[in-house]
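Below: one structure, written as structure tokens.
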Amino acid sequence: MFASFFFWKPGPTLQKSITGLTRSLLHDALKACPELIQDTLPDYWAQIQSTPWQVRNELPLSDNGIRAAFERLISNRKLYMNHCFCFFIDGLDEYEGTHQHDTKTLVDLLSSWTNLAPETVKICVSSREYNMFMNAFSIDQRIRLHDLTRSDMTRYVLDKLRHMDREGDKSTLTKAIVENAQGIFVWVALVVKRIREQIENGANLDALEREIYALPKELDGLFEHILNSLVDSDLKAAYQTFSMLFELDNSDLHLGGLSLSLLSYSFLNDYTQDPIFALREDFRRRFVDREARARRIECARKQLNGCCRGLVEVRHGEDGDIIRITHRSVFEFLSSRTQKDQMERYLNGFNRVDAISQLTIAELWSRDPGQISLGSNLDCMALSLVYRRIKVKLDEPPYSFLVSLAFAWERHQDAGNHDCDGNQLTIYTWNSYSIIDVISRSSTDRPNHSRPFQILRHPIYPAALHGNYDFVQWELERNTAAIPHFTPLRLLYCILKNRECTTPQGMRDMMDCLYTHGIRPQTVSSLVLTFLYPVMNDIQKNDSNLGDENTEVSLWHHILLRCFRYEITAAIKTMHGLGYVVEKFLEYGADPYFFLSVTNDPDPRVRLVVRVGKERQEQWLKILPFGSAPYECQDMSLRDLVERWGFENKARILELIEENALMLEVAAEDEVIPLSGEEQSAEDVSATLRMVDLAAGDNVDALPTEPMSAAAEIPVDSNLPQDSLAAVAGFRSQKLLSLVLNSPTYISILVLG
């Protein structure tokens with residue numbers, strides 16, 4: 001039997017309603033036990049089953065539908081053969097009722113849920129001791145939390161006041177604090193901290209007791225009281241601290257967010273005096289040894305205690321002390337409209353992302369080279385900076401911060417003792433940072449945890465990943481030799497991973513830039529990140545989300561296969577960005593001869609038919625399992641696929657497909673056209689050229705004066721300038737004119753596709 005536990009805490013307005021409560025509990029229950037969806041939402045399940053899986057339909061659930069589904073979940077007796085549920089619901093007193101659904105309605109609803117399945121559904125709720133709840137639940141159903149925690153609070157206070165000489169005074173203060181806390185441990189911690197400060201300042205017992213009984217008993221009142229007791233300079237520093245911690249808390253990472261280290265925080269005064277202090281040459285040259293770092297950390301600890309008065313605390317992290325908001329209730333208090341307005345008045349243009357950036361890079365320069373461990377808080381913090389700054393548009397030429405970040409990372413970069421020339425590039429992304437690593441080719445037979453890899457920490461890689469193409473192009477124009485492990489293909493993989501293309505022209509310009517660095521449609525790539533393997537290959541379990549890195553394909557075909565992968569995994573936003581990559585590759589002369597077939601019998605497979613040079617090639621690939629079977633199809637052409645994928649620039653892509661197909665067809669026909677044995681005179685040639693109706697702007701003098709061989713090779717995509725399609729067209733135009741020179745047939749109008 002599966003016992004499922006679900007915790008609900010009211011947050012936004014929606015969640016403080018009955019609908020919000022029911023929606024949250026239903027979502028969490030079905031997420032934990034997806035096998036129950038079919039019985040809980042039968043109509044929607046049937047509708048989904050009858051719809052092709054790749055069609056994304058919106059199926060809105062009404063409030064009544066949600067409530068009915070939840071009641072169906074907990075009342076269906078057959079479910080309890082394998083399941084039972086326990087729901088923890090916090091803060092009933094925060095429920096915001098309506099005229100139709102007051103607090104009594106909420107209480108009756110909770111009781112009805114347990115009555116539906118008294119043996120298999122348990123609910124534990126918490127609330128202040130309001131009459132409505134006290135009357136609804138008998139005394140044998142209630143637990144007074146502060147009665148249970150009283151002994152723990154008492155021990156805590158006695159420990160914190162152990163430096164007091166008079167045992168009687170210590171006992172009196174302990175009793176007063178615990179009684180006034182009303183079971184709220186955060187209140188105890190903040191008040192004890194305040195009392196300790198008063199003792200150090202020489203306050204007597206009577207003054208300390210008056211302080212305890214005068215403090216607000218509600219947390220919001222206590223927080224406001226603490227902030228109002230600060231002088232303006234300390235209050236400004238407190239709000240700057242809260243602002244930075246808000247930014248980091250909102251990162252919502254898999255490890256619960258990032259934290260500002262105490263060493264980074266020690267540079268806050270430097271930042272307020274000079275916002276670019278960490279970028280200055282004299283700061284970089286300043287050596288900070290271990291003793292100096294220890295002094296800075298101790299001063300920062302005292303400063304934090306002085307300005308935040310317990311609302312922020314220091315915790316010990318894996319790579320040093322970090323600072324965090326003391327309790328979630330502090331966040332909720334500071335998120336109120338009144339406090340936000342107050343913070344804005346004191347912050348006065350303070351940019352929290354820029355402040356975090358400068359403090360972090362200051363710590364990078366202050367740490368000993370190589371001291372930053374992989375995956376540590378500082379490592380992830382530094383990796384997140386590029387993305388954070390892109391979101392608020394902080395960087396512009398000459399990109400002083402990003403250049404300084406690259407130099408700072410260079411001090412800590414571990415060259416390693418393995419090669420980094422493999423094709424397998426893995427990108428781990430969260431909301432605010434990315435880790436990009438390159439796996440060695442020689443590591444494919446190793447367990448996942450022991451694969452050698454190299455983190456790509458240079459800012460150009462996350463900038464490409466998150467869409468700051470201006471910086472990427474600017475950096476490429478400077479000196480690619482200074483970029484660790486740089487290859488154009490590696491950078492392109494980062495671009496292809498961009499989740500949402502918000503600047504189509506920027507994507508086009510970026511592709512042209514990579515073209516000048518050697519990216520071509522025929523560039524050798526692999527099947528990595530396509531979900532595909534040759535049918536004869538065994539799929540390595542540790543690489544089951546990647547694709548085969550040892551099977552070489554052209555980059556053009558790799559991109560089209562990745563479009564297919566994003567479609568079957570419903571990564572629609574990412575695929576839209578790929579549309580502009582497809583467009584540019586067609587402009588570079590990519591061959592649109594591409595056919596795709598998909599079958600699910602006996603297992604999901606793809607048949608790929610392409611043309612390499614003049615040869616038609618066919619290959620069977622197997623699709624890695626990822627859930628529902630992909631759609632089946634037979635010989636879908638590139639045009640069919642583009643119609644299906646629905647790129648934003650679909651019309652332009654279809655136009656280019658026709659143009660490229662026509663040009664390649666003409667080129668193929670040209671190579672087999674038999675030439676007449678009769679030679680034209682120079683006068684006839686001149687007359688023929690004068691009859692050609694050239695497009696406006698064409699230079700007649702630029703036409704070839706020497707006949708070209710009919711067998712001359714037309715370079716489609718190697719070593720062409722950026723406007724290669726026009727160059728290909730021009731080259732082919734010249735070849736057609738050469739054919740005219742060697743043929744007795746007169747052409748009066750030449751139409752170029």
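As shown in the structure tokens, the chain order sets the letters A, B, ...; within each chain, residues go from 1, and ligands are also counted from 1 in the order they appear.
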
What are the DSSP strand (DSSP E or B) residues of segment 203-370 of chain A, as number ranges by chain?
A: 260-261, 312-317, 320-325

Spatial neighbours of Lys393 of chain A, max dist 10 Å, only C-alpha atoms, sep filter under 5 positions, as a list in words
Tyr387, Arg388 and Asn468 of chain A

Report as a count of residues only all protein, DNA and RNA residues lying within 7 Å of segment 403-410 of chain A, evaluated on only C-alpha atoms, omitting residues in the same chain fewer than 6 positions from it.
7

Among the residues of segment 1-168 of chain A, find those DSSP assigns to helix (DSSP H, G or I) from the backbone and print them as JSON, numbers by chain.
{"A": [13, 14, 15, 16, 18, 19, 20, 21, 22, 23, 24, 25, 26, 27, 28, 29, 30, 31, 32, 34, 35, 36, 37, 38, 39, 40, 42, 43, 44, 45, 46, 47, 48, 49, 63, 64, 65, 66, 67, 68, 69, 70, 71, 72, 73, 74, 75, 77, 78, 79, 80, 81, 92, 93, 94, 103, 104, 105, 106, 107, 108, 109, 110, 111, 112, 113, 114, 115, 116, 131, 132, 133, 134, 135, 136, 139, 140, 141, 145, 146, 147, 148, 149, 150, 151, 152, 153, 154, 155, 156, 157, 158, 159, 160, 167, 168]}
